[in-house]
Amino acid sequence: TYIHIQIVHIRAPIRICTQVWFGHVPTGGPPSMLEYTFSIRHHGCWTADLADAYPDVRATIIYSYRIAGTSITMIETAGVDGDRRDGLVEWLESHPVMNSSQLVTHDETRRKAFISLTGDYDTDTEPVLNVLLRNDCFPTIPATVANGREHWSVLASSHERVSTAHEELQAIGAVDVDSLCSPDLDALLTDLTGVKQAVQDLSPRQLEVLSRAIEEGYYDSPRSCNIEELAALDDANTSTVGEHLRRSEAKILQAVAPMLDRSGATARRRRRN
């Protein structure tokens, strides 16, 4: 028997997601995994209607699960101004599948909000995550919501698991498959090790300036602060702060480059096919 544990820890605010699954190890080690990437227009769900009501708002599903008919969901929204925040919360609560919607926190500068949702799904639909976990398909990253569709990327242990999950997903929405392939886990682990090493190789000063830039929203779109404002917070001139950021970015991007090369090659193959 093998046990797989995945823990994701994301700062500001802190989010921890732990996934555990069990199975039998065949001769030769754990089973090969499949990466299943798809989007779904989830009929009857708020995700299908968000783009019509708030076309410039993007959402990320941090978690969603169903207990005794009631779904509990936490979402992060981007592009939410203070004057529309309450309207968005009220719109979510008024959706047919929702019972309540509560604002957890809102960052006015970054235009981001965390919203907690509870709702009753009827027998014709349910949270996508329920379908995935029921079929041992585990998300690799939080799902995003854009243009009326939920976008998911999951790992599954077999074609049978993917096939069953896909059929059940088709019962609750219109599914488009982006890819189904065997991920190069060895290469992925090597790449992640390289990125981790690149971060560790940053000088204490570079790490300090880069961390502050991330926390202050310098890399948000649109940016929440500029280089002059970062320099004022750092008590350094703009050229010094800018040089620290450029050196930090160069180290990390050089480590990420192999991942981009593989992703680009995969995308080109899909276009040819």
# chains A, B, ... in the order shown; residues from 1 in each chain; ligands from 1
$ select_by_dssp --residues "segment 142-230 of chain A" --states "strand (DSSP E)" --output "list in words"
Ala143, Thr144, Val145, Ala146, Arg149, Glu150, His151, Trp152, Ser153, Val154, Leu155, Ala156, Gly173, Ala174, Val175, Asp176, Val177, Asp178, Ser179, Leu180 and Cys181 of chain A
$ write_last_selection --atoms "N, CA and C atoms" --output "mmCIF file, in the first residue's frame"
data_model
loop_
_atom_site.group_PDB
_atom_site.id
_atom_site.type_symbol
_atom_site.label_atom_id
_atom_site.label_comp_id
_atom_site.auth_asym_id
_atom_site.auth_seq_id
_atom_site.Cartn_x
_atom_site.Cartn_y
_atom_site.Cartn_z
ATOM 1 N N ALA A 143 -8.577 25.559 -9.059
ATOM 2 C CA ALA A 143 -9.308 25.813 -10.307
ATOM 3 C C ALA A 143 -9.598 27.303 -10.447
ATOM 4 N N THR A 144 -9.600 27.765 -11.700
ATOM 5 C CA THR A 144 -9.928 29.160 -11.974
ATOM 6 C C THR A 144 -11.254 29.230 -12.727
ATOM 7 N N VAL A 145 -11.903 30.390 -12.618
ATOM 8 C CA VAL A 145 -13.186 30.615 -13.280
ATOM 9 C C VAL A 145 -13.032 31.807 -14.207
ATOM 10 N N ALA A 146 -13.286 31.581 -15.494
ATOM 11 C CA ALA A 146 -13.174 32.657 -16.481
ATOM 12 C C ALA A 146 -14.114 32.373 -17.640
ATOM 13 N N ARG A 149 -16.558 29.436 -17.458
ATOM 14 C CA ARG A 149 -16.077 28.056 -17.385
ATOM 15 C C ARG A 149 -15.102 27.897 -16.220
ATOM 16 N N GLU A 150 -15.135 26.699 -15.626
ATOM 17 C CA GLU A 150 -14.158 26.330 -14.615
ATOM 18 C C GLU A 150 -13.010 25.602 -15.301
ATOM 19 N N HIS A 151 -11.797 25.954 -14.947
ATOM 20 C CA HIS A 151 -10.615 25.356 -15.563
ATOM 21 C C HIS A 151 -9.864 24.537 -14.513
ATOM 22 N N TRP A 152 -9.680 23.248 -14.812
ATOM 23 C CA TRP A 152 -9.105 22.314 -13.850
ATOM 24 C C TRP A 152 -7.914 21.579 -14.452
ATOM 25 N N SER A 153 -6.963 21.248 -13.596
ATOM 26 C CA SER A 153 -5.854 20.368 -13.958
ATOM 27 C C SER A 153 -5.673 19.382 -12.812
ATOM 28 N N VAL A 154 -5.779 18.078 -13.121
ATOM 29 C CA VAL A 154 -5.757 17.060 -12.066
ATOM 30 C C VAL A 154 -4.808 15.926 -12.435
ATOM 31 N N LEU A 155 -4.406 15.176 -11.430
ATOM 32 C CA LEU A 155 -3.656 13.942 -11.617
ATOM 33 C C LEU A 155 -4.551 12.765 -11.272
ATOM 34 N N ALA A 156 -4.518 11.736 -12.103
ATOM 35 C CA ALA A 156 -5.311 10.525 -11.877
ATOM 36 C C ALA A 156 -4.406 9.310 -12.021
ATOM 37 N N GLY A 173 -22.370 19.302 -16.854
ATOM 38 C CA GLY A 173 -21.927 20.456 -17.622
ATOM 39 C C GLY A 173 -21.340 20.080 -18.969
ATOM 40 N N ALA A 174 -20.951 21.115 -19.723
ATOM 41 C CA ALA A 174 -20.321 20.939 -21.030
ATOM 42 C C ALA A 174 -18.805 20.933 -20.828
ATOM 43 N N VAL A 175 -18.179 19.797 -21.127
ATOM 44 C CA VAL A 175 -16.764 19.599 -20.833
ATOM 45 C C VAL A 175 -15.928 19.688 -22.108
ATOM 46 N N ASP A 176 -14.858 20.449 -22.054
ATOM 47 C CA ASP A 176 -13.865 20.490 -23.122
ATOM 48 C C ASP A 176 -12.549 19.974 -22.566
ATOM 49 N N VAL A 177 -11.998 18.943 -23.188
ATOM 50 C CA VAL A 177 -10.727 18.377 -22.737
ATOM 51 C C VAL A 177 -9.582 19.148 -23.392
ATOM 52 N N ASP A 178 -8.696 19.681 -22.587
ATOM 53 C CA ASP A 178 -7.522 20.382 -23.101
ATOM 54 C C ASP A 178 -6.379 19.411 -23.367
ATOM 55 N N SER A 179 -6.172 18.464 -22.439
ATOM 56 C CA SER A 179 -5.098 17.493 -22.640
ATOM 57 C C SER A 179 -5.289 16.306 -21.706
ATOM 58 N N LEU A 180 -4.742 15.171 -22.137
ATOM 59 C CA LEU A 180 -4.659 13.975 -21.307
ATOM 60 C C LEU A 180 -3.328 13.324 -21.648
ATOM 61 N N CYS A 181 -2.404 13.350 -20.720
ATOM 62 C CA CYS A 181 -1.056 12.868 -21.016
ATOM 63 C C CYS A 181 -0.402 12.356 -19.739
#
$ residues_around --residues "Arg84 of chain A" --least-positions-apart "6" --cutoff "12 Å" --atoms "only C-alpha atoms" --output "ChimeraX atom specification"
/A:53-54,56-57,77-78,90-91,106,108,111-113
$ write_last_selection --atoms "all heavy atoms" --output "compact mmCIF listing (two decimals), in the first residue's frame"
# COMPACT_ATOMS: atom_id res chain seq x y z
N ALA A 53 -22.64 38.59 -15.17
CA ALA A 53 -22.93 39.62 -14.17
C ALA A 53 -21.73 40.51 -13.88
O ALA A 53 -21.87 41.72 -13.69
CB ALA A 53 -23.42 38.96 -12.88
N TYR A 54 -20.54 39.91 -13.84
CA TYR A 54 -19.31 40.65 -13.54
C TYR A 54 -18.22 40.20 -14.52
O TYR A 54 -17.34 39.41 -14.17
CB TYR A 54 -18.87 40.39 -12.09
CG TYR A 54 -19.80 40.99 -11.06
CD1 TYR A 54 -20.92 40.29 -10.60
CD2 TYR A 54 -19.57 42.27 -10.55
CE1 TYR A 54 -21.78 40.83 -9.66
CE2 TYR A 54 -20.43 42.83 -9.62
CZ TYR A 54 -21.52 42.11 -9.18
OH TYR A 54 -22.37 42.67 -8.24
N ASP A 56 -15.51 41.40 -15.70
CA ASP A 56 -14.09 41.67 -15.46
C ASP A 56 -13.58 41.08 -14.14
O ASP A 56 -12.45 41.32 -13.74
CB ASP A 56 -13.83 43.18 -15.46
CG ASP A 56 -14.71 43.93 -14.46
OD1 ASP A 56 -15.73 43.35 -14.04
OD2 ASP A 56 -14.38 45.07 -14.10
N VAL A 57 -14.42 40.29 -13.47
CA VAL A 57 -14.02 39.66 -12.21
C VAL A 57 -13.55 38.24 -12.49
O VAL A 57 -14.22 37.48 -13.19
CB VAL A 57 -15.18 39.65 -11.18
CG1 VAL A 57 -14.82 38.80 -9.97
CG2 VAL A 57 -15.50 41.07 -10.75
N THR A 77 -11.48 36.20 -5.35
CA THR A 77 -11.86 36.97 -6.53
C THR A 77 -10.85 38.08 -6.76
O THR A 77 -10.30 38.65 -5.82
CB THR A 77 -13.26 37.57 -6.38
OG1 THR A 77 -13.30 38.44 -5.23
CG2 THR A 77 -14.30 36.47 -6.21
N ALA A 78 -10.60 38.39 -8.02
CA ALA A 78 -9.69 39.47 -8.40
C ALA A 78 -10.43 40.44 -9.31
O ALA A 78 -11.30 40.04 -10.08
CB ALA A 78 -8.47 38.90 -9.11
N GLU A 90 -23.67 39.99 -2.54
CA GLU A 90 -25.13 39.83 -2.59
C GLU A 90 -25.56 39.02 -3.81
O GLU A 90 -26.48 38.20 -3.72
CB GLU A 90 -25.79 41.21 -2.60
CG GLU A 90 -25.63 41.97 -1.29
CD GLU A 90 -26.18 43.38 -1.39
OE1 GLU A 90 -26.73 43.73 -2.47
OE2 GLU A 90 -26.07 44.13 -0.40
N TRP A 91 -24.89 39.24 -4.95
CA TRP A 91 -25.23 38.49 -6.16
C TRP A 91 -24.97 37.00 -5.96
O TRP A 91 -25.79 36.15 -6.34
CB TRP A 91 -24.41 39.01 -7.34
CG TRP A 91 -24.67 38.25 -8.61
CD1 TRP A 91 -25.67 38.48 -9.52
CD2 TRP A 91 -23.93 37.12 -9.10
NE1 TRP A 91 -25.60 37.56 -10.54
CE2 TRP A 91 -24.54 36.71 -10.32
CE3 TRP A 91 -22.82 36.42 -8.64
CZ2 TRP A 91 -24.07 35.64 -11.06
CZ3 TRP A 91 -22.35 35.34 -9.37
CH2 TRP A 91 -22.96 34.96 -10.58
N HIS A 106 -11.06 41.60 2.32
CA HIS A 106 -10.96 42.33 1.05
C HIS A 106 -9.75 43.24 1.10
O HIS A 106 -9.55 43.97 2.06
CB HIS A 106 -12.23 43.17 0.80
CG HIS A 106 -12.18 43.95 -0.48
ND1 HIS A 106 -12.28 45.31 -0.52
CD2 HIS A 106 -12.03 43.54 -1.76
CE1 HIS A 106 -12.20 45.73 -1.78
NE2 HIS A 106 -12.05 44.66 -2.55
N GLU A 108 -8.36 46.26 -0.66
CA GLU A 108 -8.78 47.33 -1.56
C GLU A 108 -7.68 47.68 -2.56
O GLU A 108 -7.95 47.92 -3.74
CB GLU A 108 -9.15 48.57 -0.74
CG GLU A 108 -9.58 49.77 -1.57
CD GLU A 108 -10.93 49.57 -2.24
OE1 GLU A 108 -11.78 48.88 -1.66
OE2 GLU A 108 -11.11 50.11 -3.35
N ARG A 111 -7.42 44.85 -5.00
CA ARG A 111 -8.74 44.55 -5.58
C ARG A 111 -9.03 43.05 -5.54
O ARG A 111 -9.55 42.48 -6.48
CB ARG A 111 -8.82 45.08 -7.01
CG ARG A 111 -8.55 46.56 -7.16
CD ARG A 111 -8.42 46.98 -8.60
NE ARG A 111 -9.68 46.83 -9.29
CZ ARG A 111 -9.79 46.42 -10.56
NH1 ARG A 111 -8.72 46.08 -11.23
NH2 ARG A 111 -10.97 46.32 -11.14
N LYS A 112 -8.68 42.43 -4.42
CA LYS A 112 -8.91 41.00 -4.23
C LYS A 112 -9.76 40.76 -3.00
O LYS A 112 -9.65 41.49 -2.02
CB LYS A 112 -7.59 40.25 -4.11
CG LYS A 112 -6.77 40.22 -5.38
CD LYS A 112 -5.53 39.36 -5.23
CE LYS A 112 -4.76 39.27 -6.53
NZ LYS A 112 -3.55 38.40 -6.41
N ALA A 113 -10.58 39.73 -3.05
CA ALA A 113 -11.46 39.41 -1.92
C ALA A 113 -11.58 37.90 -1.76
O ALA A 113 -11.57 37.16 -2.76
CB ALA A 113 -12.85 40.02 -2.13
$ residues_around --residues "segment 242-255 of chain A" --least-positions-apart "3" --cutoff "12 Å" --atoms "only C-alpha atoms" --output "MDAnalysis selection string"
chainID A and resid 188 190:214 218:219 226:231 234 236:239 258:261
$ select_by_dssp --residues "segment 57-181 of chain A" --states "helix (DSSP H, G or I)" --output "ChimeraX atom specification"
/A:82-94,128-134,159-170
$ residues_around --residues "Leu129 of chain A" --least-positions-apart "4" --cutoff "10 Å" --atoms "only C-alpha atoms" --output "JSON, numbers by chain"
{"A": [61, 63, 64, 65, 66, 133, 134, 135, 137, 138, 139, 143, 152, 169]}
$ write_last_selection --atoms "N, CA and C atoms" --output "PDB file, in the first residue's frame"
ATOM      1  N   ILE A  61     -11.173  28.925  -7.211  1.00  0.00           N
ATOM      2  CA  ILE A  61     -11.844  28.084  -6.223  1.00  0.00           C
ATOM      3  C   ILE A  61     -10.780  27.485  -5.309  1.00  0.00           C
ATOM      4  N   TYR A  63     -11.297  25.928  -2.271  1.00  0.00           N
ATOM      5  CA  TYR A  63     -11.787  24.593  -1.959  1.00  0.00           C
ATOM      6  C   TYR A  63     -13.301  24.577  -2.105  1.00  0.00           C
ATOM      7  N   SER A  64     -13.852  23.389  -2.314  1.00  0.00           N
ATOM      8  CA  SER A  64     -15.294  23.221  -2.424  1.00  0.00           C
ATOM      9  C   SER A  64     -15.625  21.769  -2.128  1.00  0.00           C
ATOM     10  N   TYR A  65     -16.520  21.544  -1.198  1.00  0.00           N
ATOM     11  CA  TYR A  65     -16.922  20.173  -0.891  1.00  0.00           C
ATOM     12  C   TYR A  65     -18.388  20.167  -0.459  1.00  0.00           C
ATOM     13  N   ARG A  66     -18.965  18.976  -0.463  1.00  0.00           N
ATOM     14  CA  ARG A  66     -20.394  18.832  -0.189  1.00  0.00           C
ATOM     15  C   ARG A  66     -20.604  17.878   0.973  1.00  0.00           C
ATOM     16  N   LEU A 133     -12.728  14.134  -6.716  1.00  0.00           N
ATOM     17  CA  LEU A 133     -12.192  13.395  -5.573  1.00  0.00           C
ATOM     18  C   LEU A 133     -12.832  12.020  -5.451  1.00  0.00           C
ATOM     19  N   ARG A 134     -14.100  11.912  -5.809  1.00  0.00           N
ATOM     20  CA  ARG A 134     -14.788  10.626  -5.761  1.00  0.00           C
ATOM     21  C   ARG A 134     -14.130   9.608  -6.712  1.00  0.00           C
ATOM     22  N   ASN A 135     -13.492  10.130  -7.752  1.00  0.00           N
ATOM     23  CA  ASN A 135     -12.846   9.271  -8.742  1.00  0.00           C
ATOM     24  C   ASN A 135     -11.317   9.326  -8.643  1.00  0.00           C
ATOM     25  N   CYS A 137      -9.220  11.733  -8.606  1.00  0.00           N
ATOM     26  CA  CYS A 137      -8.563  12.726  -9.457  1.00  0.00           C
ATOM     27  C   CYS A 137      -8.253  13.942  -8.587  1.00  0.00           C
ATOM     28  N   PHE A 138      -6.977  14.258  -8.443  1.00  0.00           N
ATOM     29  CA  PHE A 138      -6.564  15.248  -7.451  1.00  0.00           C
ATOM     30  C   PHE A 138      -6.003  16.497  -8.125  1.00  0.00           C
ATOM     31  N   PRO A 139      -6.603  17.668  -7.838  1.00  0.00           N
ATOM     32  CA  PRO A 139      -6.147  18.913  -8.467  1.00  0.00           C
ATOM     33  C   PRO A 139      -4.681  19.202  -8.142  1.00  0.00           C
ATOM     34  N   ALA A 143      -8.577  25.559  -9.059  1.00  0.00           N
ATOM     35  CA  ALA A 143      -9.308  25.813 -10.307  1.00  0.00           C
ATOM     36  C   ALA A 143      -9.598  27.303 -10.447  1.00  0.00           C
ATOM     37  N   TRP A 152      -9.680  23.248 -14.812  1.00  0.00           N
ATOM     38  CA  TRP A 152      -9.105  22.314 -13.850  1.00  0.00           C
ATOM     39  C   TRP A 152      -7.914  21.579 -14.452  1.00  0.00           C
ATOM     40  N   LEU A 169     -18.742  14.206 -15.113  1.00  0.00           N
ATOM     41  CA  LEU A 169     -18.684  15.648 -15.344  1.00  0.00           C
ATOM     42  C   LEU A 169     -19.614  16.061 -16.480  1.00  0.00           C
TER      43      LEU A 169
END
$ residues_around --residues "Asp49 of chain A" --least-positions-apart "3" --cutoff "10 Å" --atoms "only C-alpha atoms" --output "list in words"
Arg41, His42, His43, Gly44, Cys45, Trp46, Asp52, Ala53, Tyr54, Pro55, Leu92, His95, Asn147, Gly148 and Arg149 of chain A
$ atom_distance --atom1 "atom CA of Ser39 of chain A" --atom2 "atom CA of Ile72 of chain A"
21.0 Å
$ closest_residue --among "A:Pro96, A:Thr60, A:Leu132, A:Leu103" --to "Arg161 of chain A" --atoms "only C-alpha atoms"
A:Leu132
